[in-house]
Every structure is written in structure tokens, then in C-alpha cells.
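Enquirer: Structure: model-v1.cif, mmCIF, N, CA and C atoms.
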data_work
loop_
_atom_site.label_atom_id
_atom_site.label_comp_id
_atom_site.auth_asym_id
_atom_site.auth_seq_id
_atom_site.Cartn_x
_atom_site.Cartn_y
_atom_site.Cartn_z
N MET G 509 -3.22 -13.17 9.29
CA MET G 509 -1.87 -13.05 8.81
C MET G 509 -1.28 -14.45 8.72
N ALA G 510 -0.60 -14.72 7.62
CA ALA G 510 0.03 -16.02 7.44
C ALA G 510 1.26 -16.13 8.34
N PRO G 511 1.53 -17.31 8.86
CA PRO G 511 2.73 -17.46 9.69
C PRO G 511 3.99 -17.28 8.85
N ARG G 512 5.02 -16.82 9.49
CA ARG G 512 6.30 -16.63 8.80
C ARG G 512 6.90 -17.97 8.46
N ARG G 513 7.39 -18.10 7.23
CA ARG G 513 8.04 -19.34 6.80
C ARG G 513 9.48 -19.35 7.29
N ASP G 514 9.92 -20.50 7.82
CA ASP G 514 11.28 -20.61 8.33
C ASP G 514 12.33 -20.45 7.24
N ASP G 515 11.99 -20.81 5.99
CA ASP G 515 12.97 -20.74 4.91
C ASP G 515 13.12 -19.34 4.33
N VAL G 516 12.27 -18.40 4.74
CA VAL G 516 12.36 -17.03 4.25
C VAL G 516 13.13 -16.22 5.28
N THR G 517 14.31 -15.74 4.88
CA THR G 517 15.17 -15.04 5.83
C THR G 517 15.38 -13.58 5.48
N ALA G 518 14.90 -13.16 4.30
CA ALA G 518 15.07 -11.78 3.87
C ALA G 518 13.94 -11.43 2.91
N LEU G 519 13.71 -10.15 2.72
CA LEU G 519 12.75 -9.73 1.73
C LEU G 519 13.42 -8.77 0.78
N GLU G 520 12.98 -8.82 -0.47
CA GLU G 520 13.52 -7.96 -1.51
C GLU G 520 12.48 -6.90 -1.82
N LEU G 521 12.83 -5.64 -1.67
CA LEU G 521 11.92 -4.54 -1.96
C LEU G 521 12.17 -4.10 -3.40
N VAL G 522 11.10 -4.09 -4.18
CA VAL G 522 11.19 -3.74 -5.59
C VAL G 522 10.31 -2.53 -5.84
N GLY G 523 10.71 -1.65 -6.69
CA GLY G 523 9.86 -0.53 -7.06
C GLY G 523 10.49 0.82 -6.80
N GLY G 524 11.49 0.85 -5.98
CA GLY G 524 12.17 2.11 -5.71
C GLY G 524 13.28 2.34 -6.71
N PRO G 525 14.13 3.31 -6.45
CA PRO G 525 15.20 3.61 -7.40
C PRO G 525 16.26 2.51 -7.48
N GLU G 526 16.33 1.67 -6.47
CA GLU G 526 17.30 0.58 -6.49
C GLU G 526 16.77 -0.59 -5.68
N ALA G 527 17.22 -1.77 -6.03
CA ALA G 527 16.80 -2.97 -5.29
C ALA G 527 17.33 -2.90 -3.87
N LEU G 528 16.58 -3.42 -2.95
CA LEU G 528 16.97 -3.40 -1.54
C LEU G 528 16.59 -4.73 -0.93
N THR G 529 17.52 -5.39 -0.29
CA THR G 529 17.23 -6.62 0.43
C THR G 529 17.37 -6.33 1.91
N HIS G 530 16.36 -6.74 2.66
CA HIS G 530 16.33 -6.45 4.10
C HIS G 530 16.19 -7.78 4.84
N PRO G 531 17.08 -8.05 5.80
CA PRO G 531 16.95 -9.30 6.57
C PRO G 531 15.73 -9.25 7.48
N LEU G 532 15.11 -10.39 7.67
CA LEU G 532 13.98 -10.49 8.59
C LEU G 532 14.50 -10.87 9.96
N SER G 533 13.83 -10.43 10.99
CA SER G 533 14.24 -10.77 12.35
C SER G 533 13.01 -11.09 13.18
N ASP G 534 13.23 -11.69 14.31
CA ASP G 534 12.14 -12.03 15.21
C ASP G 534 11.51 -10.75 15.76
N TYR G 535 10.30 -10.89 16.25
CA TYR G 535 9.57 -9.76 16.84
C TYR G 535 10.37 -9.16 17.98
N ASP G 536 10.42 -7.85 18.00
CA ASP G 536 11.11 -7.12 19.06
C ASP G 536 10.10 -6.19 19.71
N PRO G 537 9.77 -6.39 20.99
CA PRO G 537 8.77 -5.54 21.64
C PRO G 537 9.16 -4.06 21.69
N ALA G 538 10.43 -3.75 21.51
CA ALA G 538 10.86 -2.35 21.54
C ALA G 538 10.59 -1.65 20.20
N TRP G 539 10.18 -2.41 19.17
CA TRP G 539 10.00 -1.83 17.84
C TRP G 539 9.00 -0.68 17.85
N ALA G 540 7.88 -0.85 18.52
CA ALA G 540 6.83 0.19 18.50
C ALA G 540 7.37 1.52 19.02
N GLY G 541 8.14 1.49 20.08
CA GLY G 541 8.72 2.71 20.63
C GLY G 541 9.71 3.35 19.67
N ARG G 542 10.56 2.53 19.04
CA ARG G 542 11.52 3.07 18.07
C ARG G 542 10.79 3.66 16.88
N TYR G 543 9.73 3.01 16.44
CA TYR G 543 8.94 3.53 15.32
C TYR G 543 8.38 4.91 15.66
N LEU G 544 7.78 5.03 16.83
CA LEU G 544 7.20 6.32 17.22
C LEU G 544 8.26 7.41 17.30
N GLU G 545 9.43 7.05 17.78
CA GLU G 545 10.52 8.02 17.86
C GLU G 545 10.95 8.46 16.46
N HIS G 546 11.09 7.50 15.54
CA HIS G 546 11.47 7.85 14.17
C HIS G 546 10.37 8.68 13.50
N GLN G 547 9.12 8.34 13.76
CA GLN G 547 8.01 9.09 13.20
C GLN G 547 8.06 10.54 13.70
N ARG G 548 8.35 10.72 14.97
CA ARG G 548 8.44 12.07 15.54
C ARG G 548 9.57 12.84 14.88
N LEU G 549 10.73 12.23 14.74
CA LEU G 549 11.88 12.91 14.15
C LEU G 549 11.62 13.27 12.68
N ILE G 550 10.99 12.38 11.94
CA ILE G 550 10.67 12.66 10.54
C ILE G 550 9.65 13.80 10.48
N GLY G 551 8.66 13.76 11.36
CA GLY G 551 7.67 14.82 11.39
C GLY G 551 8.28 16.17 11.69
N GLU G 552 9.23 16.20 12.60
CA GLU G 552 9.91 17.47 12.91
C GLU G 552 10.70 17.97 11.71
N ALA G 553 11.33 17.04 11.01
CA ALA G 553 12.15 17.44 9.86
C ALA G 553 11.31 17.89 8.67
N LEU G 554 10.19 17.21 8.44
CA LEU G 554 9.37 17.49 7.26
C LEU G 554 8.17 18.36 7.54
N GLY G 555 7.80 18.50 8.81
CA GLY G 555 6.61 19.25 9.15
C GLY G 555 5.35 18.43 9.15
N THR G 556 5.42 17.19 8.66
CA THR G 556 4.26 16.30 8.63
C THR G 556 4.74 14.87 8.46
N VAL G 557 3.91 13.94 8.84
CA VAL G 557 4.17 12.53 8.59
C VAL G 557 2.88 11.92 8.08
N ASP G 558 2.91 11.47 6.84
CA ASP G 558 1.75 10.82 6.28
C ASP G 558 1.76 9.35 6.65
N VAL G 559 0.57 8.79 6.83
CA VAL G 559 0.43 7.37 7.11
C VAL G 559 0.41 6.64 5.78
N VAL G 560 1.16 5.59 5.67
CA VAL G 560 1.18 4.80 4.45
C VAL G 560 0.98 3.33 4.80
N HIS G 561 0.44 2.61 3.86
CA HIS G 561 0.37 1.16 3.96
C HIS G 561 1.39 0.59 2.99
N VAL G 562 2.16 -0.33 3.45
CA VAL G 562 3.10 -1.04 2.59
C VAL G 562 2.60 -2.46 2.49
N HIS G 563 2.42 -2.92 1.27
CA HIS G 563 1.92 -4.27 1.03
C HIS G 563 3.10 -5.14 0.61
N LEU G 564 3.31 -6.24 1.31
CA LEU G 564 4.39 -7.18 0.99
C LEU G 564 3.77 -8.50 0.58
N TYR G 565 4.23 -9.03 -0.55
CA TYR G 565 3.71 -10.29 -1.07
C TYR G 565 4.85 -11.19 -1.49
N GLU G 566 4.59 -12.49 -1.45
CA GLU G 566 5.55 -13.43 -2.01
C GLU G 566 5.58 -13.24 -3.51
N ARG G 567 6.74 -13.46 -4.10
CA ARG G 567 6.87 -13.38 -5.56
C ARG G 567 5.82 -14.29 -6.20
N GLY G 568 5.11 -13.76 -7.19
CA GLY G 568 4.09 -14.53 -7.90
C GLY G 568 2.71 -14.52 -7.27
N ALA G 569 2.53 -13.81 -6.16
CA ALA G 569 1.22 -13.76 -5.51
C ALA G 569 0.21 -13.09 -6.45
N PRO G 570 -1.02 -13.63 -6.56
CA PRO G 570 -2.03 -13.06 -7.46
C PRO G 570 -2.35 -11.59 -7.17
N ALA G 571 -2.25 -11.17 -5.94
CA ALA G 571 -2.56 -9.77 -5.60
C ALA G 571 -1.64 -8.79 -6.32
N ILE G 572 -0.44 -9.21 -6.66
CA ILE G 572 0.49 -8.32 -7.36
C ILE G 572 -0.11 -7.90 -8.70
N ASP G 573 -0.66 -8.87 -9.44
CA ASP G 573 -1.27 -8.55 -10.73
C ASP G 573 -2.45 -7.60 -10.57
N GLU G 574 -3.19 -7.74 -9.47
CA GLU G 574 -4.32 -6.85 -9.22
C GLU G 574 -3.85 -5.41 -9.00
N TYR G 575 -2.79 -5.24 -8.22
CA TYR G 575 -2.26 -3.90 -7.99
C TYR G 575 -1.72 -3.29 -9.27
N LEU G 576 -1.03 -4.10 -10.08
CA LEU G 576 -0.49 -3.59 -11.33
C LEU G 576 -1.60 -3.24 -12.32
N LEU G 577 -2.66 -4.03 -12.34
CA LEU G 577 -3.81 -3.73 -13.19
C LEU G 577 -4.37 -2.36 -12.84
N LEU G 578 -4.59 -2.13 -11.55
CA LEU G 578 -5.11 -0.84 -11.08
C LEU G 578 -4.14 0.29 -11.43
N ARG G 579 -2.88 0.11 -11.09
CA ARG G 579 -1.88 1.15 -11.34
C ARG G 579 -1.81 1.52 -12.81
N ASP G 580 -1.69 0.52 -13.66
CA ASP G 580 -1.54 0.80 -15.09
C ASP G 580 -2.79 1.47 -15.66
N HIS G 581 -3.96 1.04 -15.21
CA HIS G 581 -5.20 1.66 -15.70
C HIS G 581 -5.29 3.11 -15.24
N LEU G 582 -4.96 3.37 -13.99
CA LEU G 582 -5.02 4.75 -13.50
C LEU G 582 -4.04 5.65 -14.24
N ARG G 583 -2.92 5.10 -14.66
CA ARG G 583 -1.95 5.89 -15.42
C ARG G 583 -2.48 6.27 -16.80
N SER G 584 -3.37 5.45 -17.35
CA SER G 584 -3.82 5.67 -18.73
C SER G 584 -5.25 6.19 -18.85
N ASN G 585 -6.02 6.21 -17.77
CA ASN G 585 -7.43 6.60 -17.86
C ASN G 585 -7.69 7.80 -16.94
N ALA G 586 -7.84 8.97 -17.55
CA ALA G 586 -7.99 10.21 -16.78
C ALA G 586 -9.27 10.22 -15.94
N ASP G 587 -10.37 9.68 -16.48
CA ASP G 587 -11.63 9.69 -15.74
C ASP G 587 -11.55 8.85 -14.47
N ASP G 588 -11.02 7.63 -14.59
CA ASP G 588 -10.90 6.78 -13.40
C ASP G 588 -9.85 7.30 -12.44
N ARG G 589 -8.80 7.91 -12.98
CA ARG G 589 -7.79 8.52 -12.11
C ARG G 589 -8.41 9.64 -11.30
N ALA G 590 -9.26 10.45 -11.92
CA ALA G 590 -9.94 11.54 -11.21
C ALA G 590 -10.91 10.98 -10.16
N LEU G 591 -11.64 9.92 -10.52
CA LEU G 591 -12.55 9.28 -9.56
C LEU G 591 -11.78 8.75 -8.35
N TYR G 592 -10.68 8.08 -8.61
CA TYR G 592 -9.85 7.53 -7.54
C TYR G 592 -9.33 8.66 -6.65
N GLU G 593 -8.86 9.74 -7.26
CA GLU G 593 -8.36 10.88 -6.48
C GLU G 593 -9.46 11.51 -5.64
N ARG G 594 -10.63 11.73 -6.24
CA ARG G 594 -11.75 12.32 -5.48
C ARG G 594 -12.12 11.43 -4.29
N THR G 595 -12.18 10.14 -4.55
CA THR G 595 -12.55 9.19 -3.49
C THR G 595 -11.55 9.25 -2.35
N LYS G 596 -10.26 9.20 -2.68
CA LYS G 596 -9.23 9.23 -1.65
C LYS G 596 -9.24 10.55 -0.89
N ARG G 597 -9.41 11.66 -1.60
CA ARG G 597 -9.43 12.96 -0.91
C ARG G 597 -10.63 13.06 0.03
N ARG G 598 -11.78 12.57 -0.42
CA ARG G 598 -12.98 12.60 0.43
C ARG G 598 -12.75 11.74 1.68
N LEU G 599 -12.19 10.57 1.49
CA LEU G 599 -11.97 9.68 2.63
C LEU G 599 -10.87 10.18 3.55
N MET G 600 -9.86 10.84 2.98
CA MET G 600 -8.76 11.35 3.80
C MET G 600 -9.19 12.52 4.68
N SER G 601 -10.31 13.14 4.33
CA SER G 601 -10.79 14.26 5.14
C SER G 601 -11.45 13.79 6.43
N ARG G 602 -11.66 12.49 6.55
CA ARG G 602 -12.27 11.92 7.76
C ARG G 602 -11.19 11.42 8.70
N GLN G 603 -11.54 11.32 9.97
CA GLN G 603 -10.65 10.72 10.97
C GLN G 603 -10.93 9.21 11.01
N TRP G 604 -9.88 8.41 10.98
CA TRP G 604 -10.03 6.96 11.00
C TRP G 604 -9.30 6.42 12.23
N ASN G 605 -10.01 5.63 13.02
CA ASN G 605 -9.37 4.96 14.15
C ASN G 605 -8.53 3.79 13.69
N ASP G 606 -8.90 3.24 12.55
CA ASP G 606 -8.21 2.07 12.01
C ASP G 606 -8.05 2.28 10.51
N MET G 607 -6.83 2.25 10.01
CA MET G 607 -6.60 2.48 8.59
C MET G 607 -7.23 1.38 7.73
N ASN G 608 -7.51 0.23 8.31
CA ASN G 608 -8.21 -0.81 7.55
C ASN G 608 -9.62 -0.35 7.21
N ASP G 609 -10.24 0.44 8.09
CA ASP G 609 -11.57 0.99 7.79
C ASP G 609 -11.49 1.93 6.59
N TYR G 610 -10.44 2.72 6.53
CA TYR G 610 -10.22 3.60 5.37
C TYR G 610 -10.07 2.77 4.11
N ALA G 611 -9.27 1.72 4.17
CA ALA G 611 -9.06 0.86 3.01
C ALA G 611 -10.37 0.22 2.58
N ASP G 612 -11.15 -0.26 3.55
CA ASP G 612 -12.44 -0.87 3.24
C ASP G 612 -13.40 0.12 2.59
N ALA G 613 -13.33 1.39 3.00
CA ALA G 613 -14.26 2.39 2.49
C ALA G 613 -14.05 2.69 1.00
N LYS G 614 -12.87 2.40 0.48
CA LYS G 614 -12.64 2.65 -0.94
C LYS G 614 -12.72 1.39 -1.79
N THR G 615 -13.06 0.26 -1.18
CA THR G 615 -13.08 -1.02 -1.88
C THR G 615 -14.02 -1.03 -3.08
N ASP G 616 -15.24 -0.52 -2.93
CA ASP G 616 -16.20 -0.56 -4.04
C ASP G 616 -15.72 0.25 -5.23
N VAL G 617 -15.14 1.41 -4.98
CA VAL G 617 -14.63 2.24 -6.08
C VAL G 617 -13.47 1.53 -6.77
N ILE G 618 -12.57 0.96 -6.01
CA ILE G 618 -11.43 0.26 -6.59
C ILE G 618 -11.90 -0.95 -7.40
N ALA G 619 -12.86 -1.69 -6.87
CA ALA G 619 -13.38 -2.86 -7.59
C ALA G 619 -14.00 -2.44 -8.92
N ALA G 620 -14.74 -1.34 -8.93
CA ALA G 620 -15.36 -0.86 -10.17
C ALA G 620 -14.29 -0.42 -11.18
N ILE G 621 -13.28 0.27 -10.70
CA ILE G 621 -12.19 0.71 -11.58
C ILE G 621 -11.47 -0.50 -12.16
N LYS G 622 -11.18 -1.50 -11.32
CA LYS G 622 -10.49 -2.69 -11.82
C LYS G 622 -11.34 -3.45 -12.83
N GLU G 623 -12.64 -3.45 -12.64
CA GLU G 623 -13.51 -4.12 -13.62
C GLU G 623 -13.43 -3.40 -14.97
N ARG G 624 -13.45 -2.07 -14.95
CA ARG G 624 -13.30 -1.32 -16.20
C ARG G 624 -11.91 -1.55 -16.80
N ALA G 625 -10.91 -1.68 -15.95
CA ALA G 625 -9.55 -1.95 -16.44
C ALA G 625 -9.49 -3.30 -17.14
N ARG G 626 -10.14 -4.30 -16.56
CA ARG G 626 -10.19 -5.63 -17.20
C ARG G 626 -10.88 -5.56 -18.56
N MET G 627 -11.99 -4.85 -18.60
CA MET G 627 -12.73 -4.73 -19.85
C MET G 627 -11.88 -3.99 -20.90
N ALA G 628 -11.21 -2.92 -20.49
CA ALA G 628 -10.40 -2.13 -21.42
C ALA G 628 -9.21 -2.93 -21.95
N SER G 629 -8.68 -3.83 -21.12
CA SER G 629 -7.50 -4.61 -21.56
C SER G 629 -7.87 -5.95 -22.13
N GLY G 630 -9.17 -6.25 -22.18
CA GLY G 630 -9.63 -7.52 -22.76
C GLY G 630 -9.45 -8.71 -21.85
N LEU G 631 -9.32 -8.49 -20.56
CA LEU G 631 -9.16 -9.60 -19.60
C LEU G 631 -10.51 -10.16 -19.17
#
Represent the structure contained in this file as C-alpha cells.

Expert:
Amino acid sequence: MAPRRDDVTALELVGGPEALTHPLSDYDPAWAGRYLEHQRLIGEALGTVDVVHVHLYERGAPAIDEYLLLRDHLRSNADDRALYERTKRRLMSRQWNDMNDYADAKTDVIAAIKERARMASGL
């Protein structure tokens, strides 16, 4: 993990229904307990709590283009969208001690899809 830059004091979340700026703060050891409490309350309200990964990048980071390439291709290519869905459903049926292992398990499929996306878009 890259160290936090002193000049970065907030992050801007893009992609939802409205822009959101959230101030950054120093590490708080009580965060884990508050998170678990919120997770429990959400689970009680919804009946389930799905695990999600949120990826945060500096504006202009090359990884952003990679995610958009994948997203846009999956929106337009039914075969690769079905492959991606099958892969995720198969992997979600397993128990993972570490969600990074889950992410690693789909890497080859994602790389192949992105390669086809590059070819289809002439990149």
C-alpha cells in the first residue's frame, strides 16, 4: 500500500448518483468495531450483507482505464459478460478466507476478456 500523501486531505467519490467528497482522517483503532456494528445493523435490515471491494485511485491512474475497458466491453459483449458471470458465480460458491484470493482466482478470465476488449476496440 502506498503511503498517504500529506497534501491529500479528501477523496472524491465518482460513479454514484451524485458527487461525494469525504474528508480523510488518521487511523482510528475503533473503526473495525464500528464497521462490524454497522455491518450487523445493515444485515438485520436487509437480511444479508454482501462483501464488496471498493477500489480507490488517484485521478489519472492507469488502472482506471483498465476498469473502464472491462466495464464497457462487458456491457457490449454478451458472450464475455456470460463468461464473467459464470466465473464469478462459480467462485462465489466457495468459501474464501481472504477476498484477495477470490480476486486472484478470477485474474486469468479477466485478463483474457480485457485482451479481447483491446482487440475489439483496436487498442

Enquirer: Rank G:Ala611, G:Ala619, G:Leu591, G:Met627 by their smallest atom-to-atom distance to Glu574 in chain G, using only C-alpha atoms, and report the top residue only.

Expert: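 The answer is G:Ala619, which sits nearest to Glu574 in chain G.
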
Enquirer: Could you pull out the alpha helix (DSSP H) residues of chain G, going by DSSP on the backbone, and write them as a PyMOL selection string?

Expert: chain G and resi 539-554+570-584+586-600+607-613+615-629

Enquirer: Could you pull the residues within 6.5 Å of range 577-588 of chain G, counting all atoms listed in the file, minus those fewer than 3 positions along the same chain, as a ChimeraX atom specification?

Expert: /G:572-574,591-593,621-622,625

Enquirer: Determine which residues of chain G receive a DSSP assignment of strand (DSSP E), computed from the backbone, and state them as a ChimeraX atom specification.

Expert: /G:518-521,528-531

Enquirer: Quick one, how far is atom C of Ser629 in chain G from atom C of Val617 in chain G?

Expert: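 Answer for the atom C of Ser629 in chain G to atom C of Val617 in chain G separation: 18.0 Å.
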
Enquirer: Record the distance separating atom N of Met600 in chain G and atom N of Glu623 in chain G, expressed in Å with one decimal.

Expert: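 Between atom N of Met600 in chain G and atom N of Glu623 in chain G the gap works out to 21.4 Å.
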
Enquirer: In terms of the shortest atom-to-atom distance over only C-alpha atoms, which of G:Asp514, G:Asp534, G:Thr595, G:Trp539 is closest to Asp616 in chain G?

Expert: G:Thr595

Enquirer: Enter the distance from atom C of Ala628 in chain G to atom N of Arg589 in chain G, in Å, rounded to one decimal.

Expert: 14.1 Å
